[in-house]
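K.L.:
So here's work.txt (compact mmCIF, C-alpha atoms and all ligand atoms).
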# COMPACT_ATOMS: atom_id res chain seq x y z
CA MET D 1 28.63 -4.35 -61.79
CA ARG D 2 29.83 -7.94 -61.74
CA ARG D 3 28.13 -10.05 -59.06
CA ILE D 4 30.37 -12.02 -56.76
CA TYR D 5 28.98 -14.20 -53.97
CA LEU D 6 31.18 -14.37 -50.87
CA ASP D 7 28.51 -15.03 -48.25
CA HIS D 8 28.43 -18.82 -48.07
CA ASN D 9 28.26 -18.77 -44.26
CA ALA D 10 24.89 -17.05 -44.65
CA SER D 11 23.67 -19.59 -47.20
CA THR D 12 24.92 -21.70 -50.08
CA PRO D 13 23.38 -22.31 -53.50
CA ILE D 14 21.73 -25.71 -53.95
CA ASP D 15 24.20 -28.09 -55.58
CA PRO D 16 22.85 -29.20 -59.00
CA VAL D 17 23.34 -32.85 -57.96
CA VAL D 18 21.19 -32.20 -54.89
CA ALA D 19 18.51 -30.47 -56.98
CA ALA D 20 18.47 -33.38 -59.45
CA ALA D 21 18.01 -35.91 -56.64
CA MET D 22 15.07 -33.92 -55.28
CA MET D 23 13.29 -33.37 -58.58
CA PRO D 24 11.31 -36.66 -58.77
CA PHE D 25 9.92 -35.95 -55.31
CA LEU D 26 8.92 -32.45 -56.31
CA GLN D 27 7.11 -33.73 -59.36
CA ASN D 28 5.87 -37.27 -58.75
CA HIS D 29 6.32 -38.94 -55.39
CA TYR D 30 3.78 -37.42 -53.05
CA GLY D 31 3.05 -40.32 -50.72
CA ASN D 32 3.12 -39.93 -46.94
CA PRO D 33 6.11 -41.94 -45.66
CA SER D 34 3.99 -43.22 -42.75
CA SER D 35 1.17 -44.69 -44.89
CA GLY D 36 0.95 -48.39 -45.62
CA HIS D 37 0.52 -48.52 -49.43
CA TRP D 38 2.54 -48.29 -52.64
CA ALA D 39 2.68 -44.49 -52.66
CA ALA D 40 4.24 -44.48 -49.20
CA ALA D 41 6.90 -47.04 -49.97
CA THR D 42 8.89 -44.82 -52.35
CA ALA D 43 8.80 -41.90 -49.92
CA LYS D 44 9.67 -44.08 -46.93
CA THR D 45 12.61 -45.71 -48.71
CA ALA D 46 13.93 -42.33 -49.88
CA LEU D 47 13.54 -40.84 -46.39
CA GLU D 48 15.47 -43.67 -44.79
CA THR D 49 18.18 -43.57 -47.49
CA ALA D 50 18.58 -39.86 -46.76
CA ARG D 51 18.78 -40.55 -43.03
CA GLY D 52 21.54 -43.05 -43.76
CA GLN D 53 23.45 -40.46 -45.81
CA VAL D 54 23.32 -37.93 -42.97
CA ALA D 55 24.35 -40.62 -40.48
CA ALA D 56 27.24 -41.72 -42.72
CA LEU D 57 28.65 -38.18 -42.77
CA LEU D 58 28.64 -38.03 -38.98
CA GLY D 59 29.58 -41.67 -38.49
CA CYS D 60 26.54 -42.46 -36.35
CA ARG D 61 23.56 -44.83 -36.48
CA ASN D 62 20.60 -44.03 -38.71
CA ASP D 63 18.16 -43.95 -35.79
CA GLU D 64 20.27 -41.25 -34.12
CA ILE D 65 19.27 -38.70 -36.80
CA VAL D 66 16.15 -36.54 -36.33
CA PHE D 67 15.18 -34.41 -39.33
CA THR D 68 14.31 -30.82 -38.46
CA SER D 69 13.47 -27.63 -40.34
CA GLY D 70 17.04 -26.36 -40.03
CA GLY D 71 19.78 -25.36 -37.63
CA SER D 72 17.60 -23.17 -35.41
CA GLU D 73 15.11 -25.95 -34.78
CA ALA D 74 17.89 -28.47 -34.18
CA ASN D 75 19.45 -26.20 -31.53
CA ASN D 76 16.07 -25.49 -29.93
CA LEU D 77 15.29 -29.20 -29.82
CA ALA D 78 18.64 -29.98 -28.22
CA LEU D 79 18.54 -27.23 -25.59
CA LYS D 80 14.87 -27.28 -24.64
CA GLY D 81 14.54 -31.01 -25.26
CA VAL D 82 17.33 -31.85 -22.78
CA PHE D 83 16.26 -29.19 -20.27
CA PHE D 84 12.65 -30.42 -20.18
CA ALA D 85 13.69 -34.09 -20.08
CA LEU D 86 16.16 -33.56 -17.21
CA ARG D 87 14.25 -31.02 -15.19
CA GLU D 88 14.25 -33.26 -12.12
CA LYS D 89 18.01 -33.66 -12.32
CA GLY D 90 19.06 -30.03 -12.70
CA ASP D 91 18.52 -26.61 -14.17
CA HIS D 92 21.96 -25.37 -15.22
CA ILE D 93 23.22 -25.00 -18.81
CA ILE D 94 26.69 -23.92 -19.91
CA THR D 95 27.22 -22.22 -23.26
CA THR D 96 29.39 -19.43 -24.69
CA ARG D 97 29.01 -15.74 -25.46
CA ILE D 98 29.74 -16.31 -29.15
CA GLU D 99 26.92 -18.73 -30.00
CA HIS D 100 24.49 -18.03 -32.82
CA PRO D 101 21.16 -16.49 -31.72
CA ALA D 102 19.69 -19.94 -32.44
CA THR D 103 21.42 -21.03 -29.20
CA ILE D 104 21.49 -17.78 -27.21
CA GLU D 105 17.76 -17.13 -27.59
CA PRO D 106 16.56 -20.61 -26.50
CA CYS D 107 18.87 -20.16 -23.48
CA ARG D 108 17.27 -16.79 -22.71
CA PHE D 109 13.85 -18.40 -23.04
CA LEU D 110 14.84 -21.19 -20.65
CA GLU D 111 16.15 -18.58 -18.19
CA ARG D 112 12.64 -17.14 -18.16
CA LEU D 113 11.44 -20.63 -17.15
CA GLY D 114 13.91 -20.79 -14.28
CA ALA D 115 17.07 -22.16 -15.92
CA ARG D 116 20.46 -20.85 -14.90
CA VAL D 117 22.77 -20.32 -17.85
CA THR D 118 26.52 -19.66 -17.77
CA TYR D 119 27.84 -17.85 -20.86
CA LEU D 120 31.57 -18.58 -21.12
CA SER D 121 34.00 -15.96 -22.42
CA VAL D 122 36.47 -16.46 -25.25
CA ASP D 123 39.99 -15.21 -25.92
CA GLY D 124 40.97 -12.66 -28.58
CA THR D 125 40.85 -15.32 -31.30
CA GLY D 126 37.33 -16.45 -30.33
CA ARG D 127 38.36 -19.69 -28.60
CA ILE D 128 37.15 -20.90 -25.26
CA ASP D 129 39.36 -22.52 -22.64
CA PRO D 130 38.09 -26.05 -21.83
CA ASP D 131 39.17 -25.50 -18.23
CA GLU D 132 36.48 -22.83 -17.99
CA VAL D 133 33.92 -25.53 -18.80
CA ARG D 134 35.28 -27.65 -15.96
CA LYS D 135 35.11 -24.72 -13.54
CA ALA D 136 31.55 -23.85 -14.54
CA ILE D 137 30.07 -27.34 -14.04
CA THR D 138 27.97 -27.77 -10.89
CA GLN D 139 25.82 -30.56 -9.43
CA ARG D 140 22.86 -28.96 -11.21
CA THR D 141 24.42 -28.84 -14.72
CA VAL D 142 22.43 -30.83 -17.30
CA LEU D 143 23.92 -29.64 -20.60
CA VAL D 144 27.00 -28.00 -22.10
CA SER D 145 26.35 -26.47 -25.54
CA ILE D 146 29.33 -25.11 -27.47
CA MET D 147 29.34 -24.39 -31.19
CA HIS D 148 31.85 -26.30 -33.32
CA ALA D 149 32.76 -23.34 -35.55
CA ASN D 150 31.71 -19.74 -35.28
CA ASN D 151 29.66 -18.31 -38.13
CA GLU D 152 31.25 -14.83 -38.06
CA VAL D 153 34.97 -15.40 -37.59
CA GLY D 154 35.15 -19.13 -38.31
CA THR D 155 37.03 -20.02 -35.12
CA ILE D 156 36.88 -23.75 -34.34
CA GLN D 157 36.43 -24.77 -30.70
CA PRO D 158 38.21 -27.57 -28.81
CA ILE D 159 35.02 -29.64 -28.86
CA GLU D 160 36.60 -32.99 -28.08
CA ASP D 161 38.16 -31.65 -24.85
CA CYS D 162 34.96 -29.90 -23.80
CA ALA D 163 32.83 -33.00 -24.45
CA ARG D 164 35.25 -35.15 -22.45
CA ILE D 165 35.10 -32.76 -19.49
CA ALA D 166 31.29 -32.71 -19.62
CA HIS D 167 31.22 -36.51 -19.66
CA GLU D 168 33.67 -36.78 -16.76
CA HIS D 169 30.97 -35.00 -14.75
CA GLY D 170 28.06 -36.99 -16.18
CA VAL D 171 26.81 -34.00 -18.19
CA LEU D 172 25.45 -34.14 -21.76
CA PHE D 173 27.26 -32.24 -24.51
CA HIS D 174 25.70 -30.53 -27.54
CA THR D 175 27.50 -28.84 -30.41
CA ASP D 176 26.05 -26.58 -33.08
CA ALA D 177 27.85 -27.79 -36.20
CA ALA D 178 25.76 -25.73 -38.64
CA GLN D 179 28.89 -23.98 -39.95
CA SER D 180 31.38 -26.81 -39.78
CA VAL D 181 29.56 -29.66 -41.52
CA GLY D 182 30.99 -30.08 -45.00
CA LYS D 183 33.94 -27.78 -44.26
CA VAL D 184 35.87 -29.81 -41.68
CA SER D 185 35.40 -33.28 -40.23
CA THR D 186 32.36 -33.57 -38.00
CA ARG D 187 32.55 -37.24 -37.10
CA ILE D 188 30.85 -38.02 -33.83
CA ASP D 189 33.60 -40.39 -32.71
CA GLU D 190 36.13 -37.53 -33.01
CA LEU D 191 33.98 -34.80 -31.48
CA GLY D 192 32.38 -36.91 -28.75
CA ALA D 193 29.12 -34.93 -28.71
CA ASP D 194 25.81 -36.41 -27.51
CA LEU D 195 23.80 -34.01 -29.66
CA LEU D 196 24.89 -32.18 -32.85
CA SER D 197 22.99 -29.72 -35.05
CA ILE D 198 23.13 -29.45 -38.85
CA ALA D 199 21.62 -26.81 -41.16
CA GLY D 200 21.03 -27.93 -44.75
CA HIS D 201 21.36 -24.58 -46.46
CA LYS D 202 24.91 -24.12 -45.21
CA LEU D 203 26.03 -27.22 -47.11
CA TYR D 204 24.44 -26.90 -50.55
CA ALA D 205 21.05 -28.38 -49.57
CA PRO D 206 17.84 -26.31 -49.58
CA LYS D 207 16.68 -24.00 -46.83
CA GLY D 208 14.08 -25.40 -44.44
CA VAL D 209 15.81 -28.68 -43.60
CA GLY D 210 18.36 -29.72 -41.02
CA ALA D 211 18.99 -32.48 -38.55
CA LEU D 212 19.80 -33.16 -34.94
CA PHE D 213 22.01 -36.09 -34.00
CA VAL D 214 20.81 -37.54 -30.70
CA ARG D 215 23.01 -40.25 -29.28
CA ARG D 216 21.17 -43.50 -28.64
CA GLY D 217 20.04 -43.59 -25.01
CA VAL D 218 19.78 -39.79 -24.67
CA SER D 219 16.18 -38.83 -24.16
CA ILE D 220 14.80 -35.46 -25.17
CA GLU D 221 11.33 -34.00 -24.78
CA PRO D 222 9.89 -33.20 -28.22
CA LEU D 223 8.98 -29.58 -28.93
CA THR D 224 6.17 -30.58 -31.27
CA HIS D 225 3.87 -33.25 -29.92
CA GLY D 226 1.74 -35.34 -32.24
CA ALA D 227 2.07 -38.69 -33.97
CA GLY D 228 5.27 -40.58 -33.31
CA HIS D 229 7.37 -39.38 -36.23
CA GLU D 230 11.15 -39.38 -36.00
CA GLY D 231 11.19 -41.92 -33.19
CA GLY D 232 8.78 -39.81 -31.13
CA ARG D 233 11.21 -36.89 -31.08
CA ARG D 234 9.61 -34.57 -33.64
CA ALA D 235 5.99 -34.90 -34.72
CA GLY D 236 4.90 -33.95 -38.22
CA THR D 237 4.83 -35.73 -41.57
CA GLU D 238 8.40 -35.83 -42.81
CA SER D 239 9.25 -34.10 -46.08
CA ALA D 240 10.97 -36.79 -48.13
CA LEU D 241 11.73 -34.04 -50.66
CA LEU D 242 13.77 -31.96 -48.22
CA ALA D 243 15.32 -34.96 -46.48
CA ILE D 244 16.58 -36.21 -49.84
CA GLY D 245 18.16 -32.82 -50.46
CA LEU D 246 19.96 -32.93 -47.12
CA GLY D 247 20.94 -36.57 -47.59
CA LYS D 248 22.48 -35.98 -51.01
CA ALA D 249 24.29 -32.86 -49.76
CA CYS D 250 25.72 -34.90 -46.86
CA GLU D 251 26.85 -37.59 -49.28
CA LEU D 252 28.72 -34.95 -51.31
CA ALA D 253 30.13 -33.38 -48.14
CA ARG D 254 31.90 -36.59 -47.17
CA ASP D 255 34.60 -35.59 -49.64
CA LEU D 256 36.39 -32.69 -47.97
CA THR D 257 39.04 -32.32 -50.71
CA PRO D 258 37.26 -29.33 -52.37
CA MET D 259 37.96 -27.49 -49.11
CA ASP D 260 41.72 -27.66 -49.77
CA ARG D 261 41.22 -25.49 -52.84
CA VAL D 262 38.91 -23.17 -50.91
CA ARG D 263 41.49 -22.80 -48.12
CA THR D 264 44.23 -21.98 -50.63
CA LEU D 265 41.96 -19.39 -52.22
CA ARG D 266 41.06 -17.91 -48.83
CA ASP D 267 44.75 -17.61 -47.95
CA HIS D 268 45.46 -16.05 -51.35
CA PHE D 269 42.70 -13.52 -50.54
CA TRP D 270 44.30 -12.64 -47.20
CA GLN D 271 47.75 -12.36 -48.80
CA GLY D 272 46.30 -10.03 -51.44
CA LEU D 273 44.75 -7.81 -48.75
CA TRP D 274 47.94 -7.81 -46.70
CA ASP D 275 50.06 -6.90 -49.75
CA GLN D 276 47.72 -4.00 -50.58
CA PHE D 277 46.95 -2.64 -47.14
CA GLY D 278 49.56 -3.93 -44.67
CA ASP D 279 48.55 -3.16 -41.11
CA ARG D 280 45.51 -1.22 -42.26
CA VAL D 281 43.85 -4.62 -42.36
CA VAL D 282 43.55 -7.01 -39.39
CA LEU D 283 42.49 -10.66 -39.37
CA ASN D 284 39.74 -11.58 -36.90
CA GLY D 285 39.63 -15.16 -35.62
CA HIS D 286 42.16 -17.89 -35.05
CA LEU D 287 44.99 -18.28 -37.54
CA THR D 288 44.95 -22.10 -37.44
CA TYR D 289 41.72 -23.23 -35.77
CA ARG D 290 39.46 -21.62 -38.36
CA LEU D 291 37.01 -22.75 -41.03
CA PRO D 292 38.85 -23.09 -44.38
CA ASN D 293 36.38 -20.83 -46.20
CA THR D 294 36.10 -17.94 -43.76
CA LEU D 295 38.01 -14.67 -43.84
CA ASN D 296 36.88 -12.04 -41.36
CA VAL D 297 38.95 -8.89 -41.64
CA SER D 298 38.81 -5.42 -40.17
CA PHE D 299 39.56 -2.46 -42.36
CA VAL D 300 40.96 -0.30 -39.59
CA GLY D 301 39.34 3.10 -39.22
CA ARG D 302 36.60 2.24 -41.75
CA ILE D 303 33.00 1.20 -41.33
CA GLY D 304 32.37 -2.32 -42.63
CA ALA D 305 28.88 -1.54 -43.94
CA GLU D 306 30.22 1.41 -45.93
CA VAL D 307 33.02 -0.66 -47.43
CA LEU D 308 30.47 -3.29 -48.45
CA GLU D 309 28.12 -0.72 -49.90
CA ARG D 310 30.89 0.54 -52.14
CA LEU D 311 31.84 -3.03 -53.08
CA ASP D 312 28.85 -2.92 -55.34
CA GLY D 313 27.80 -6.39 -56.53
CA VAL D 314 29.83 -8.27 -53.91
CA ALA D 315 27.74 -10.21 -51.39
CA ALA D 316 29.42 -10.43 -47.96
CA SER D 317 28.54 -9.53 -44.34
CA THR D 318 29.62 -7.03 -41.71
CA GLY D 319 30.27 -7.59 -38.05
CA SER D 320 28.78 -4.33 -36.92
CA ALA D 321 25.49 -2.53 -37.26
CA CYS D 322 24.58 1.10 -37.10
CA HIS D 323 21.82 1.88 -34.59
CA SER D 324 20.67 5.48 -34.25
CA GLY D 325 23.95 6.78 -35.56
CA ARG D 326 25.98 4.57 -33.19
CA ILE D 327 28.11 1.68 -34.39
CA GLU D 328 27.41 -1.49 -32.43
CA LEU D 329 29.78 -4.42 -32.68
CA SER D 330 28.36 -7.90 -33.00
CA PRO D 331 28.27 -9.84 -29.70
CA VAL D 332 30.94 -12.15 -31.16
CA LEU D 333 33.45 -9.37 -31.83
CA GLU D 334 32.58 -7.83 -28.48
CA ALA D 335 33.21 -11.13 -26.69
CA MET D 336 36.59 -11.30 -28.44
CA ASP D 337 37.41 -7.85 -27.01
CA ILE D 338 38.00 -6.41 -30.47
CA THR D 339 38.41 -2.64 -30.14
CA PRO D 340 35.53 -0.54 -31.52
CA GLU D 341 37.94 1.06 -34.04
CA ALA D 342 38.84 -2.34 -35.50
CA GLY D 343 35.44 -3.99 -34.97
CA MET D 344 33.44 -1.36 -36.80
CA GLY D 345 35.50 -2.07 -39.93
CA ALA D 346 34.91 -5.84 -39.82
CA VAL D 347 33.75 -7.62 -42.96
CA ARG D 348 33.15 -11.36 -43.27
CA PHE D 349 33.97 -12.94 -46.60
CA SER D 350 32.95 -16.60 -46.81
CA LEU D 351 34.00 -18.56 -49.86
CA GLY D 352 32.32 -21.56 -51.45
CA ARG D 353 33.09 -24.52 -53.67
CA ALA D 354 32.51 -22.46 -56.82
CA THR D 355 34.50 -19.37 -55.83
CA THR D 356 37.30 -18.61 -58.31
CA ARG D 357 40.71 -16.94 -58.05
CA ASP D 358 39.55 -14.44 -60.61
CA GLU D 359 36.68 -13.39 -58.32
CA ILE D 360 39.01 -12.97 -55.35
CA ASP D 361 41.46 -10.90 -57.38
CA ALA D 362 38.60 -8.72 -58.63
CA VAL D 363 37.44 -8.06 -55.04
CA VAL D 364 40.96 -7.18 -53.86
CA ALA D 365 41.36 -4.77 -56.78
CA ARG D 366 38.00 -3.19 -56.05
CA LEU D 367 38.89 -2.81 -52.36
CA LYS D 368 42.11 -1.08 -53.36
CA ASP D 369 40.14 1.46 -55.39
CA ILE D 370 37.68 2.03 -52.56
CA LEU D 371 40.13 2.28 -49.68
CA ASP D 372 42.75 4.31 -51.51
CA THR D 373 40.33 6.86 -52.94
CA SER D 374 37.89 7.46 -50.06
CA GLY D 375 38.98 9.72 -47.20
C1 LIG T 401 26.20 -21.41 -36.27
C2 LIG T 401 24.77 -21.38 -36.73
N1 LIG T 401 23.84 -22.04 -36.03
C3 LIG T 401 22.55 -22.05 -36.40
C4 LIG T 401 22.12 -21.36 -37.50
C5 LIG T 401 20.67 -21.38 -37.87
O1 LIG T 401 20.43 -22.24 -38.92
P1 LIG T 401 19.06 -22.13 -39.79
O2 LIG T 401 19.18 -20.88 -40.58
O3 LIG T 401 19.06 -23.35 -40.63
O4 LIG T 401 17.94 -22.10 -38.83
C6 LIG T 401 23.06 -20.66 -38.27
C7 LIG T 401 22.64 -19.86 -39.45
O5 LIG T 401 23.17 -18.82 -39.73
C8 LIG T 401 24.42 -20.67 -37.87
O6 LIG T 401 25.35 -20.01 -38.55
Go through the file and emit its structure as structure tokens.

P.N.:
Amino acid sequence: MRRIYLDHNASTPIDPVVAAAMMPFLQNHYGNPSSGHWAAATAKTALETARGQVAALLGCRNDEIVFTSGGSEANNLALKGVFFALREKGDHIITTRIEHPATIEPCRFLERLGARVTYLSVDGTGRIDPDEVRKAITQRTVLVSIMHANNEVGTIQPIEDCARIAHEHGVLFHTDAAQSVGKVSTRIDELGADLLSIAGHKLYAPKGVGALFVRRGVSIEPLTHGAGHEGGRRAGTESALLAIGLGKACELARDLTPMDRVRTLRDHFWQGLWDQFGDRVVLNGHLTYRLPNTLNVSFVGRIGAEVLERLDGVAASTGSACHSGRIELSPVLEAMDITPEAGMGAVRFSLGRATTRDEIDAVVARLKDILDTSG
């Protein structure tokens, strides 16, 4: 069966340009960027060039970028780092019910340490109401953390409004931009965030690298203590190899024009499904405020995992899981109040730069076979 990859929100392939940039550091340049000799100089220069490339994508200063091992570490560093640094000031964090586990779980951990966390609800399209942020802020609030775009349904949040409200109350604002970087603009001056997380493997860089933007003047407690790497915010010898991969991927991601083609293809996909199945298929997420590559649909009355299983060779994800014979919706679909009948049939297709029209047409045709022949 032909293999078709429509799971780019889970991970992307490494761009060949990124791989080529990394190669010399895989093979030859082994110096420790912190050493004081010739072998260090190449690594140090490459590391700082990469930092500049990440900063250029976000429109921030180079020293506001902290390299991490990925999106999970960036979120952990933001949430725990701010909580520990501002413990004297307060103990309250505001987030949403639709965050990735890389935000929800650090919040749960901090609750065990005495934090109070408010998990805001969303509407049926997966969007939060900025007014709810305003209402939730108290004297004890130290951080608001709201993801830029949701990984399952692709809904984009009104980050600028939420950040402004947080700032009006003297509260720091973090956004998890793991899914939005490289797909829509993530410039700091537009979003207004004080902290922003990136995951390399969602934007054609390797797995195991990411970054946290920390606005100058915002202090965070490091999670790993040691020598003063990364401006004292994350100890451990930096991997110039991985940083170069992320830097090059960020340089490529500055050009968002490939996303126009991806959006057109995604809309062609939806049109194809609608033409075939009419109201037997339902779109999950916001019609407008949505990542250009993401199509989350419910095949009504079906089970997403079963549809995917029969879509042999097509890599995509479901929004429900079967536990002991019971279908459980993902917390995201649950928060959106999607009915169990629709939610259990949810499938997330996420397109990438290399996805072709031919692939989309082949998947629609295959779905027609599956849904029209099975009971
Ligand atoms: C929105 C979001 N945040 C964070 C992460 C975690 O990133 P990483 O896999 O790099 O730790 C992911 C990965 O799926 C994600 O989609």

K.L.:
For Gln139 in chain D, list every protein, DNA or RNA residue within 10 Å, evaluated using all atoms listed in the file, and leave out those in the same chain fewer than 4 positions away; present the list as a PDB file with C-alpha atoms, in the frame of the given file.

P.N.:
ATOM      1  CA  LYS D  89      18.010 -33.660 -12.320  1.00  0.00           C
ATOM      2  CA  GLY D  90      19.060 -30.030 -12.700  1.00  0.00           C
ATOM      3  CA  ASP D  91      18.520 -26.610 -14.170  1.00  0.00           C
ATOM      4  CA  HIS D  92      21.960 -25.370 -15.220  1.00  0.00           C
ATOM      5  CA  HIS D 169      30.970 -35.000 -14.750  1.00  0.00           C
ATOM      6  CA  GLY D 170      28.060 -36.990 -16.180  1.00  0.00           C
ATOM      7  CA  VAL D 171      26.810 -34.000 -18.190  1.00  0.00           C
TER       8      VAL D 171
END

K.L.:
Could you make a table, as a Markdown table, of the residues of chain D that have an atom within 10 Å of an atom of ligand LIG 401 (chain T), each with its nearest atom pair and distance in Å to one decimal, counting only C-alpha atoms and all ligand atoms, in chain and number order?

P.N.:
| residue | atom | partner | partner_atom | distance |
| --- | --- | --- | --- | --- |
| D:His8 | CA | T:LIG401 | O5 | 9.9 |
| D:Asn9 | CA | T:LIG401 | O6 | 6.5 |
| D:Ala10 | CA | T:LIG401 | O5 | 5.5 |
| D:Ser11 | CA | T:LIG401 | O5 | 7.5 |
| D:Thr68 | CA | T:LIG401 | O3 | 9.1 |
| D:Ser69 | CA | T:LIG401 | O3 | 7.0 |
| D:Gly70 | CA | T:LIG401 | O3 | 3.7 |
| D:Gly71 | CA | T:LIG401 | O1 | 3.4 |
| D:Ser72 | CA | T:LIG401 | O4 | 3.6 |
| D:Glu73 | CA | T:LIG401 | O4 | 6.3 |
| D:Ala74 | CA | T:LIG401 | O4 | 7.9 |
| D:Asn75 | CA | T:LIG401 | C3 | 7.1 |
| D:Asn76 | CA | T:LIG401 | O4 | 9.7 |
| D:Ile98 | CA | T:LIG401 | C1 | 9.4 |
| D:Glu99 | CA | T:LIG401 | C1 | 6.9 |
| D:His100 | CA | T:LIG401 | C1 | 5.1 |
| D:Pro101 | CA | T:LIG401 | C3 | 7.4 |
| D:Ala102 | CA | T:LIG401 | C3 | 5.3 |
| D:Thr103 | CA | T:LIG401 | N1 | 7.3 |
| D:Met147 | CA | T:LIG401 | C1 | 6.7 |
| D:His148 | CA | T:LIG401 | C1 | 8.0 |
| D:Ala149 | CA | T:LIG401 | C1 | 6.9 |
| D:Asn150 | CA | T:LIG401 | C1 | 5.8 |
| D:Asn151 | CA | T:LIG401 | O6 | 4.7 |
| D:Glu152 | CA | T:LIG401 | O6 | 7.9 |
| D:Gly154 | CA | T:LIG401 | C1 | 9.5 |
| D:Thr175 | CA | T:LIG401 | N1 | 9.6 |
| D:Asp176 | CA | T:LIG401 | N1 | 5.8 |
| D:Ala177 | CA | T:LIG401 | C1 | 6.6 |
| D:Ala178 | CA | T:LIG401 | C2 | 4.9 |
| D:Gln179 | CA | T:LIG401 | C1 | 5.2 |
| D:Ser180 | CA | T:LIG401 | C1 | 8.3 |
| D:Ser197 | CA | T:LIG401 | N1 | 7.8 |
| D:Ile198 | CA | T:LIG401 | O3 | 7.5 |
| D:Ala199 | CA | T:LIG401 | O3 | 4.3 |
| D:Gly200 | CA | T:LIG401 | O3 | 6.5 |
| D:His201 | CA | T:LIG401 | O3 | 6.4 |
| D:Lys202 | CA | T:LIG401 | O3 | 7.5 |
| D:Pro206 | CA | T:LIG401 | O3 | 9.5 |
| D:Lys207 | CA | T:LIG401 | O3 | 6.7 |
| D:Gly208 | CA | T:LIG401 | O3 | 6.6 |
| D:Val209 | CA | T:LIG401 | O3 | 6.9 |
| D:Gly210 | CA | T:LIG401 | O3 | 6.4 |
| D:Ala211 | CA | T:LIG401 | O3 | 9.4 |

K.L.:
Could you state the separation of CA of Phe213 in chain D and CA of Phe109 in chain D in Å, given to one decimal place?

P.N.:
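Result for CA of Phe213 in chain D versus CA of Phe109 in chain D: 22.4 Å, one decimal.
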
K.L.:
Choose the residue, out of D:Leu223, D:Ile360, D:Ala41, D:Met344, that has the smallest atom-to-atom separation from Asp267 in chain D; count all atoms listed in the file.

P.N.:
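With all atoms listed in the file as the atom set, the closest residue is D:Ile360.
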
K.L.:
In Å, with one decimal, what is the gap from CA of Arg164 in chain D to CA of Leu191 in chain D?

P.N.:
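Separation between CA of Arg164 in chain D and CA of Leu191 in chain D: 9.1 Å.
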
K.L.:
Mind dumping a table of every range 185-298 of chain D residue within 7 Å of range 56-59 of chain D, with the nearest atom pair and its distance in Å to one decimal, using all atoms listed in the file, sorted by chain and rising number, as JSON lines?

P.N.:
{"residue": "D:Thr186", "atom": "CA", "partner": "D:Leu58", "partner_atom": "CA", "distance": 5.9}
{"residue": "D:Arg187", "atom": "CA", "partner": "D:Leu58", "partner_atom": "CA", "distance": 4.4}
{"residue": "D:Ile188", "atom": "CA", "partner": "D:Leu58", "partner_atom": "CA", "distance": 5.6}
{"residue": "D:Cys250", "atom": "CA", "partner": "D:Leu57", "partner_atom": "CA", "distance": 6.0}
{"residue": "D:Glu251", "atom": "CA", "partner": "D:Leu57", "partner_atom": "CA", "distance": 6.8}
{"residue": "D:Arg254", "atom": "CA", "partner": "D:Leu57", "partner_atom": "CA", "distance": 5.7}

K.L.:
For range 243-252 of chain D, what centre and edge lengths in Å (one decimal) does the axis-aligned box get once 6 Å is added on each side of all its listed atoms, as lines of an AutoDock Vina configuration file?

P.N.:
center_x = 22.0
center_y = -35.2
center_z = -48.9
size_x = 25.4
size_y = 16.8
size_z = 16.8

K.L.:
In Å, rounded to a single decimal, give me how far CA of Leu333 in chain D is from CA of Ala115 in chain D.

P.N.:
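We find that CA of Ala115 in chain D and CA of Leu333 in chain D lie 26.2 Å from each other.
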
K.L.:
Identify which of the residues D:Ala335, D:Arg261, D:Pro33, D:Val307 lies closest to Ile128 in chain D, counting only C-alpha atoms when measuring atom-to-atom distances.

P.N.:
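Smallest distance to Ile128 in chain D is found for D:Ala335.
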
K.L.:
Restricting the calculation to all atoms listed in the file: of D:Arg51, D:Arg348, D:Lys44, D:Arg127, which residue gets closest to Thr96 in chain D?

P.N.:
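Under the stated criterion, the closest residue is D:Arg127.
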
K.L.:
Could you name the residues that touch Gly343 in chain D at 10 Å or less, counting all atoms listed in the file, but leaving out those on the same chain fewer than 5 positions away, as a PyMOL selection string?

P.N.:
chain D and resi 282+284+297-304+318-320+327-330+333-334+336-338

K.L.:
With distances taken over only C-alpha atoms, which residue among D:Ala362, D:Ala193, D:Thr356, D:Val332 lies nearest Ile104 in chain D?

P.N.:
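Ranked by minimum distance to Ile104 in chain D, first place goes to D:Val332.
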
K.L.:
Within 10 Å of His229 in chain D, counting only C-alpha atoms, which residues qualify if same-chain residues fewer than 5 places away don't, as a list in words?

P.N.:
Pro33, Ser34, Val66, Phe67, Arg234, Ala235, Gly236, Thr237 and Glu238 of chain D

K.L.:
Leaving out Phe349 in chain D and any residue of its chain fewer than 5 positions from it, which residues lie within 8 Å of it when counting only C-alpha atoms, given as a list in words?

P.N.:
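Listed by chain and then number, they are Leu6, Asp7, Thr294, Leu295, Asn296, Ala316 and Ser317 of chain D.
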
K.L.:
I need the residue nearest Ile94 in chain D from this list: D:Ile156, D:Leu172, D:Leu246, D:Ala50. Use only C-alpha atoms for the distance.

P.N.:
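For Ile94 in chain D, the nearest of the given residues is D:Leu172.
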
K.L.:
Nearest to Pro16 in chain D: which of D:His29, D:Lys248, D:Arg87, D:Arg112 is it, counting only C-alpha atoms?

P.N.:
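Among the listed residues, the smallest separation from Pro16 in chain D belongs to D:Lys248.
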
K.L.:
Would you pick out the contacts of Leu241 in chain D at 8 Å or less, using all atoms listed in the file, so that residues sharing its chain but fewer than 5 positions from it are not included, and give the list as a list in words?

P.N.:
Met22, Phe25 and Leu26 of chain D
